[in-house]
file run32.cif (mmCIF, C-alpha atoms and all ligand atoms)
data_query
#
loop_
_atom_site.label_atom_id
_atom_site.label_comp_id
_atom_site.auth_asym_id
_atom_site.auth_seq_id
_atom_site.Cartn_x
_atom_site.Cartn_y
_atom_site.Cartn_z
CA MET A 1 22.88 9.57 12.40
CA ALA A 2 19.83 8.54 10.43
CA ARG A 3 16.99 7.04 12.46
CA LYS A 4 16.22 3.43 11.56
CA PRO A 5 12.72 3.04 10.17
CA LEU A 6 10.25 0.87 12.01
CA ILE A 7 10.22 -2.53 10.26
CA VAL A 8 6.91 -4.35 10.39
CA ARG A 9 6.09 -7.81 9.01
CA THR A 10 2.53 -8.58 10.09
CA ILE A 11 -0.81 -6.80 9.86
CA SER A 12 -1.62 -6.06 13.50
CA PRO A 13 1.57 -4.07 14.35
CA LEU A 14 1.25 -2.35 10.96
CA ARG A 15 -2.20 -1.01 11.85
CA LYS A 16 -0.94 0.25 15.21
CA ALA A 17 2.08 1.93 13.62
CA ILE A 18 -0.04 3.61 10.94
CA ALA A 19 -2.49 4.91 13.56
CA THR A 20 0.42 6.39 15.54
CA PHE A 21 2.01 7.98 12.45
CA ARG A 22 -1.30 9.45 11.41
CA LYS A 23 -1.81 11.05 14.82
CA LYS A 24 1.74 12.36 14.94
CA HIS A 25 2.40 13.36 11.32
CA GLY A 26 -1.00 13.71 9.63
CA GLY A 27 -0.77 12.23 6.12
CA VAL A 28 0.89 8.97 5.13
CA ALA A 29 2.59 8.37 1.76
CA LEU A 30 3.28 4.86 0.47
CA VAL A 31 6.00 3.78 -1.98
CA PRO A 32 5.30 0.19 -3.04
CA THR A 33 8.43 -1.75 -4.13
CA MET A 34 9.82 -5.23 -4.56
CA GLY A 35 13.12 -4.21 -2.91
CA ALA A 36 16.61 -4.37 -4.49
CA LEU A 37 16.29 -0.63 -4.27
CA HIS A 38 18.03 1.85 -6.54
CA GLU A 39 17.94 5.55 -7.31
CA GLY A 40 14.60 5.15 -9.13
CA HIS A 41 12.97 3.95 -5.91
CA PHE A 42 14.79 6.61 -3.88
CA SER A 43 13.41 9.35 -6.13
CA LEU A 44 9.90 8.04 -5.36
CA VAL A 45 10.70 8.28 -1.64
CA ARG A 46 11.87 11.89 -2.06
CA HIS A 47 8.65 12.76 -3.91
CA ALA A 48 6.68 11.03 -1.13
CA ARG A 49 8.47 13.08 1.53
CA LYS A 50 7.20 16.29 -0.10
CA ARG A 51 3.60 15.09 0.00
CA ALA A 52 3.08 13.62 3.47
CA GLY A 53 4.36 13.83 7.05
CA ALA A 54 5.10 10.11 7.23
CA VAL A 55 6.61 7.91 4.50
CA ALA A 56 6.09 4.16 4.34
CA VAL A 57 7.95 1.94 1.86
CA SER A 58 6.66 -1.57 1.22
CA ILE A 59 9.11 -4.28 0.23
CA PHE A 60 7.43 -7.44 -1.02
CA VAL A 61 8.45 -9.63 -3.95
CA ASN A 62 4.94 -10.54 -5.00
CA PRO A 63 4.74 -14.16 -6.20
CA LYS A 64 1.36 -13.50 -7.83
CA GLN A 65 2.83 -11.26 -10.51
CA PHE A 66 5.41 -13.79 -11.70
CA ALA A 67 4.58 -16.67 -14.07
CA PRO A 68 6.12 -20.04 -13.11
CA THR A 69 8.65 -19.58 -15.95
CA GLU A 70 9.76 -16.15 -14.69
CA ASP A 71 12.43 -15.01 -12.23
CA PHE A 72 10.61 -15.03 -8.86
CA GLY A 73 13.24 -17.35 -7.34
CA SER A 74 16.25 -15.38 -8.57
CA TYR A 75 14.77 -11.85 -8.29
CA PRO A 76 17.43 -9.77 -6.43
CA ARG A 77 16.77 -9.45 -2.69
CA ASN A 78 18.99 -7.04 -0.66
CA PHE A 79 16.88 -6.39 2.42
CA GLU A 80 19.71 -5.28 4.74
CA SER A 81 21.17 -2.74 2.31
CA ASP A 82 17.64 -1.56 1.41
CA VAL A 83 17.05 -0.79 5.11
CA VAL A 84 20.33 1.16 5.35
CA ALA A 85 19.43 3.25 2.28
CA LEU A 86 15.89 3.94 3.48
CA SER A 87 17.22 4.96 6.93
CA LYS A 88 19.41 7.58 5.25
CA LEU A 89 16.36 8.88 3.40
CA GLY A 90 14.45 9.29 6.66
CA VAL A 91 11.73 6.73 5.83
CA ASP A 92 9.45 6.18 8.82
CA LEU A 93 8.15 2.68 8.18
CA ILE A 94 9.15 -0.36 6.15
CA TRP A 95 6.24 -2.70 5.51
CA ALA A 96 7.88 -6.02 4.63
CA PRO A 97 5.09 -8.56 5.03
CA THR A 98 5.87 -12.24 5.22
CA GLU A 99 4.29 -14.25 2.41
CA THR A 100 1.71 -15.67 4.87
CA ALA A 101 0.85 -12.20 6.18
CA MET A 102 0.08 -11.16 2.58
CA TYR A 103 -1.47 -14.43 1.37
CA PRO A 104 -2.68 -16.49 4.33
CA GLY A 105 -3.59 -20.14 3.69
CA GLY A 106 -6.81 -20.40 1.71
CA PHE A 107 -6.34 -16.99 0.08
CA SER A 108 -8.69 -17.02 -2.90
CA THR A 109 -9.66 -13.48 -3.92
CA ALA A 110 -8.22 -11.53 -6.83
CA ILE A 111 -8.69 -8.26 -8.66
CA THR A 112 -9.08 -8.56 -12.43
CA PRO A 113 -8.20 -5.21 -13.99
CA GLY A 114 -9.50 -4.26 -17.44
CA GLY A 115 -9.03 -1.12 -19.54
CA PRO A 116 -5.32 -0.27 -19.63
CA ALA A 117 -4.50 -3.75 -18.28
CA LEU A 118 -5.76 -5.21 -21.57
CA ALA A 119 -3.99 -2.76 -23.90
CA GLY A 120 -2.01 -5.51 -25.67
CA LEU A 121 1.37 -4.33 -24.36
CA GLU A 122 2.85 -5.99 -21.22
CA ASP A 123 -0.36 -8.01 -20.83
CA ALA A 124 0.22 -9.69 -24.21
CA PHE A 125 3.56 -11.08 -23.00
CA ARG A 126 2.84 -11.46 -19.25
CA PRO A 127 -0.89 -12.30 -19.07
CA HIS A 128 -0.74 -13.08 -15.32
CA PHE A 129 1.05 -9.81 -14.48
CA PHE A 130 -1.54 -7.07 -13.96
CA GLY A 131 -3.94 -9.32 -12.03
CA GLY A 132 -1.10 -10.02 -9.60
CA VAL A 133 -0.10 -6.35 -9.43
CA ALA A 134 -3.66 -5.08 -8.94
CA THR A 135 -4.39 -7.63 -6.22
CA VAL A 136 -1.25 -6.87 -4.22
CA VAL A 137 -1.51 -3.09 -4.67
CA ALA A 138 -5.17 -3.12 -3.56
CA LYS A 139 -4.10 -5.09 -0.49
CA LEU A 140 -1.19 -2.72 0.20
CA PHE A 141 -3.61 0.23 0.04
CA LEU A 142 -6.02 -1.46 2.46
CA GLN A 143 -3.19 -2.42 4.79
CA VAL A 144 -1.31 0.89 4.89
CA THR A 145 -4.28 3.20 4.12
CA PRO A 146 -2.02 5.84 2.52
CA ASP A 147 -3.31 9.28 1.52
CA VAL A 148 -0.95 9.27 -1.44
CA ALA A 149 1.01 6.53 -3.24
CA MET A 150 3.96 7.01 -5.57
CA PHE A 151 4.52 4.93 -8.73
CA GLY A 152 7.23 5.24 -11.39
CA GLN A 153 6.47 6.19 -14.98
CA LYS A 154 9.13 3.57 -15.78
CA ASP A 155 6.29 1.03 -15.51
CA TYR A 156 3.89 3.21 -17.47
CA GLN A 157 1.13 0.66 -18.14
CA GLN A 158 1.25 -0.37 -14.46
CA LEU A 159 0.83 3.29 -13.43
CA LYS A 160 -2.27 3.52 -15.63
CA VAL A 161 -3.68 0.22 -14.32
CA VAL A 162 -3.25 1.26 -10.69
CA THR A 163 -4.71 4.72 -11.35
CA ARG A 164 -7.75 3.16 -13.08
CA MET A 165 -8.22 0.64 -10.26
CA ALA A 166 -8.08 3.31 -7.55
CA ARG A 167 -10.68 5.35 -9.41
CA ASP A 168 -12.94 2.38 -10.22
CA LEU A 169 -12.93 1.04 -6.65
CA ASP A 170 -13.18 4.50 -5.00
CA LEU A 171 -9.97 3.82 -3.10
CA PRO A 172 -9.26 6.95 -1.05
CA VAL A 173 -5.67 7.37 -2.21
CA LYS A 174 -4.08 9.79 -4.67
CA ILE A 175 -1.85 8.04 -7.20
CA VAL A 176 1.19 10.09 -8.22
CA GLY A 177 3.37 9.14 -11.22
CA CYS A 178 7.07 10.06 -10.92
CA PRO A 179 9.64 10.48 -13.73
CA THR A 180 11.94 7.64 -14.78
CA MET A 181 15.46 7.77 -13.35
CA ARG A 182 18.21 6.76 -15.77
CA GLU A 183 21.89 5.93 -15.98
CA LYS A 184 24.06 8.58 -17.68
CA ASP A 185 23.80 6.67 -20.98
CA GLY A 186 20.00 6.67 -20.80
CA LEU A 187 19.32 3.12 -19.57
CA ALA A 188 16.34 3.21 -17.21
CA LEU A 189 17.33 2.06 -13.71
CA SER A 190 15.85 -1.33 -12.87
CA SER A 191 16.48 -3.99 -10.23
CA ARG A 192 16.84 -6.45 -13.10
CA ASN A 193 19.76 -4.56 -14.72
CA VAL A 194 22.11 -6.65 -12.53
CA TYR A 195 21.28 -9.60 -14.80
CA LEU A 196 22.99 -7.90 -17.79
CA SER A 197 26.41 -9.17 -18.91
CA VAL A 198 29.08 -6.56 -19.67
CA GLU A 199 28.33 -6.81 -23.38
CA GLU A 200 24.54 -6.66 -22.89
CA ARG A 201 24.99 -3.63 -20.64
CA ARG A 202 26.75 -1.88 -23.53
CA THR A 203 23.82 -2.63 -25.85
CA ALA A 204 21.04 -1.85 -23.34
CA PRO A 205 20.90 1.99 -23.82
CA VAL A 206 19.85 1.46 -27.47
CA LEU A 207 16.29 0.95 -26.26
CA TYR A 208 16.04 4.48 -24.85
CA ARG A 209 18.02 5.94 -27.75
CA VAL A 210 15.44 4.52 -30.19
CA LEU A 211 12.56 5.87 -28.08
CA LYS A 212 14.17 9.33 -28.09
CA GLU A 213 14.89 9.33 -31.81
CA SER A 214 11.39 8.04 -32.59
CA ALA A 215 9.75 10.70 -30.40
CA ALA A 216 11.78 13.42 -32.13
CA ARG A 217 10.77 12.18 -35.60
CA ILE A 218 7.08 11.97 -34.69
CA LYS A 219 7.25 15.49 -33.25
CA ALA A 220 8.86 16.66 -36.51
CA GLY A 221 5.91 15.26 -38.47
CA ASP A 222 7.12 11.84 -39.69
CA ALA A 223 4.40 9.19 -40.06
CA LEU A 224 3.92 7.12 -36.90
CA ALA A 225 3.85 3.73 -38.66
CA ALA A 226 7.11 4.40 -40.54
CA VAL A 227 8.87 5.67 -37.40
CA LEU A 228 7.79 2.59 -35.44
CA ALA A 229 8.91 0.25 -38.24
CA ASP A 230 12.36 1.90 -38.29
CA GLY A 231 12.54 1.80 -34.47
CA ARG A 232 11.66 -1.92 -34.35
CA ALA A 233 14.34 -2.68 -36.94
CA ALA A 234 16.97 -0.64 -35.04
CA ILE A 235 16.21 -2.42 -31.74
CA GLU A 236 16.49 -5.85 -33.37
CA LYS A 237 19.63 -4.90 -35.28
CA ALA A 238 21.30 -3.98 -31.97
CA GLY A 239 20.79 -7.58 -30.80
CA PHE A 240 17.55 -7.40 -28.80
CA LYS A 241 14.65 -9.79 -29.17
CA LEU A 242 11.81 -7.30 -29.45
CA ASP A 243 8.51 -7.95 -27.68
CA TYR A 244 6.93 -4.67 -28.78
CA LEU A 245 7.53 -1.05 -29.74
CA GLU A 246 4.20 0.77 -29.90
CA GLY A 247 2.84 4.31 -29.94
CA ARG A 248 -0.34 4.61 -27.87
CA HIS A 249 -2.63 7.29 -26.52
CA ALA A 250 -0.79 8.52 -23.42
CA GLU A 251 -3.86 8.35 -21.17
CA THR A 252 -5.96 5.42 -22.40
CA LEU A 253 -3.13 3.38 -24.01
CA GLU A 254 -5.48 2.79 -26.93
CA PRO A 255 -3.96 2.48 -30.42
CA VAL A 256 -3.40 5.71 -32.36
CA VAL A 257 -2.87 6.18 -36.07
CA SER A 258 -1.15 9.55 -36.03
CA ALA A 259 -0.01 12.31 -33.68
CA ALA A 260 -3.38 14.00 -34.31
CA ASP A 261 -5.11 11.25 -32.28
CA GLY A 262 -3.87 12.71 -29.01
CA PRO A 263 -0.76 12.81 -26.85
CA ILE A 264 1.34 9.78 -27.75
CA ARG A 265 3.38 7.60 -25.43
CA LEU A 266 5.95 5.28 -26.99
CA LEU A 267 6.30 2.01 -25.09
CA ALA A 268 8.82 -0.77 -25.64
CA ALA A 269 9.85 -4.12 -24.21
CA ALA A 270 12.77 -6.16 -25.46
CA ARG A 271 14.98 -8.98 -24.27
CA LEU A 272 18.76 -9.10 -24.12
CA GLY A 273 19.76 -12.65 -23.23
CA ARG A 274 17.75 -13.53 -20.12
CA THR A 275 17.04 -9.89 -19.20
CA ARG A 276 13.78 -8.30 -20.24
CA LEU A 277 13.94 -4.49 -20.40
CA ILE A 278 10.95 -2.15 -20.61
CA ASP A 279 10.95 1.59 -21.20
CA ASN A 280 8.68 4.35 -22.49
CA LEU A 281 8.71 8.00 -23.45
CA GLY A 282 6.17 10.75 -24.12
CA VAL A 283 6.17 12.42 -27.55
P1 LIG B 1 9.72 -2.40 -8.48
O1 LIG B 1 10.48 -2.58 -7.21
O2 LIG B 1 10.53 -2.65 -9.71
O3 LIG B 1 8.39 -3.12 -8.47
O4 LIG B 1 9.35 -0.86 -8.58
C1 LIG B 1 8.73 -0.19 -7.54
C2 LIG B 1 8.35 1.19 -8.01
O5 LIG B 1 9.52 1.89 -8.41
C3 LIG B 1 7.40 1.16 -9.22
O6 LIG B 1 6.42 2.18 -9.06
C4 LIG B 1 8.34 1.46 -10.35
O7 LIG B 1 7.69 2.07 -11.46
C5 LIG B 1 9.31 2.42 -9.71
N1 LIG B 1 10.56 2.45 -10.46
C6 LIG B 1 11.30 1.39 -10.88
N2 LIG B 1 12.35 1.81 -11.61
C7 LIG B 1 12.27 3.16 -11.68
C8 LIG B 1 13.05 4.17 -12.31
N3 LIG B 1 14.13 3.89 -13.02
N4 LIG B 1 12.65 5.47 -12.16
C9 LIG B 1 11.55 5.78 -11.44
N5 LIG B 1 10.77 4.86 -10.82
C10 LIG B 1 11.12 3.57 -10.94
#

call {"tool": "encode", "arguments": {"input": "run32.cif", "output": "structure tokens"}}
result
Amino acid sequence: MARKPLIVRTISPLRKAIATFRKKHGGVALVPTMGALHEGHFSLVRHARKRAGAVAVSIFVNPKQFAPTEDFGSYPRNFESDVVALSKLGVDLIWAPTETAMYPGGFSTAITPGGPALAGLEDAFRPHFFGGVATVVAKLFLQVTPDVAMFGQKDYQQLKVVTRMARDLDLPVKIVGCPTMREKDGLALSSRNVYLSVEERRTAPVLYRVLKESAARIKAGDALAAVLADGRAAIEKAGFKLDYLEGRHAETLEPVVSAADGPIRLLAAARLGRTRLIDNLGV
């Protein structure tokens, strides 16, 4: 029988639990999530297990990273089944703060990330997003004080923003990026995939297929601009409303003209009905 993780909702018991884990197990790894957990999150937990004696998973649907027009209210929440899954994975602690534990009345401080947070990708379509992410992740780091924290490459710009923030603020935590977990047909796992209708679900893998085909063409020497133009057309032809398909420098996310400008990461976001999908791939 799997041991149920300790579930903590307020700061004071969290600090006590972390102190105990640190004494008993040495290092602490944190996997920040918004719950509605799937195999992508579980892979982060397995990576975390390899890197520290104790594994903490945070579950917090962060209101600060949603615009008023977005899906904060309807975002999937499956706390009980998340706990069962994390028990099976041997997670030690679930940090599931109440909204007032995270943002007590009068809360008025925020982190404003620059650099990769202003790359003109997700930030161009969700201008509130990275400020909300950076603020909550900085708080999670200060609350849990992890030695290492796992983030998915699925949210590639977010991974770069968090890595930059940790370095800029001298946060004593190692940020580790983990590979994207996918369905058999290539669709990146996401808590929001439950929003897809049957027909949209059939179309959804086109996004990854285009990334793969584009990466192969760039590797073979085709011009970046032409490959991106073809990729954009293919995504729209499949029925998506495209937000962006871009090729950027894999580290800085700055624009590149050709493959000679450095390792390229292709990044895309597109909407199918009410579902917004994002994905990315290295060339
Ligand atoms: P979320 O709950 O969507 O905020 O995601 C929590 C963490 O899980 C983030 O670091 C995500 O990048 C990561 N993640 C989400 N989906 C996947 C996936 N398909 N593969 C790997 N990591 C993922």

call {"tool": "residues_near_ligand", "arguments": {"input": "run32.cif", "ligand": "ligand LIG 1 (chain B)", "cutoff": "6 Å", "atoms": "only C-alpha atoms and all ligand atoms", "output": "JSON, numbers by chain"}}
result
{"A": [32, 33, 34, 35, 40, 41, 151, 152, 153, 154, 155, 179, 180, 181, 182, 188, 189, 190]}

call {"tool": "closest_residue", "arguments": {"input": "run32.cif", "among": "A:Arg46, A:Arg274, A:Arg51, A:Arg15", "to": "Ser197 in chain A", "atoms": "all atoms listed in the file"}}
result
A:Arg274

call {"tool": "closest_residue", "arguments": {"input": "run32.cif", "among": "A:Ala29, A:Ile94, A:Val161, A:Ile278", "to": "Leu118 in chain A", "atoms": "all atoms listed in the file"}}
result
A:Val161

call {"tool": "atom_distance", "arguments": {"input": "run32.cif", "atom1": "CA of Leu228 in chain A", "atom2": "CA of Arg202 in chain A"}}
result
22.8 Å

call {"tool": "atom_distance", "arguments": {"input": "run32.cif", "atom1": "CA of Pro172 in chain A", "atom2": "CA of Val144 in chain A"}}
result
11.6 Å

call {"tool": "closest_residue", "arguments": {"input": "run32.cif", "among": "A:Ser108, A:Gln157, A:Thr203, A:Asn193", "to": "Glu236 in chain A", "atoms": "all atoms listed in the file"}}
result
A:Thr203

call {"tool": "closest_residue", "arguments": {"input": "run32.cif", "among": "A:Gly186, A:Pro97, A:Gly115, A:Pro104", "to": "Thr252 in chain A", "atoms": "all atoms listed in the file"}}
result
A:Gly115

call {"tool": "residues_around", "arguments": {"input": "run32.cif", "residues": "Pro263 in chain A", "least_positions_apart": "4", "cutoff": "12 Å", "atoms": "all atoms listed in the file", "output": "PyMOL selection string"}}
result
chain A and resi 215+218-219+247-259+281-283
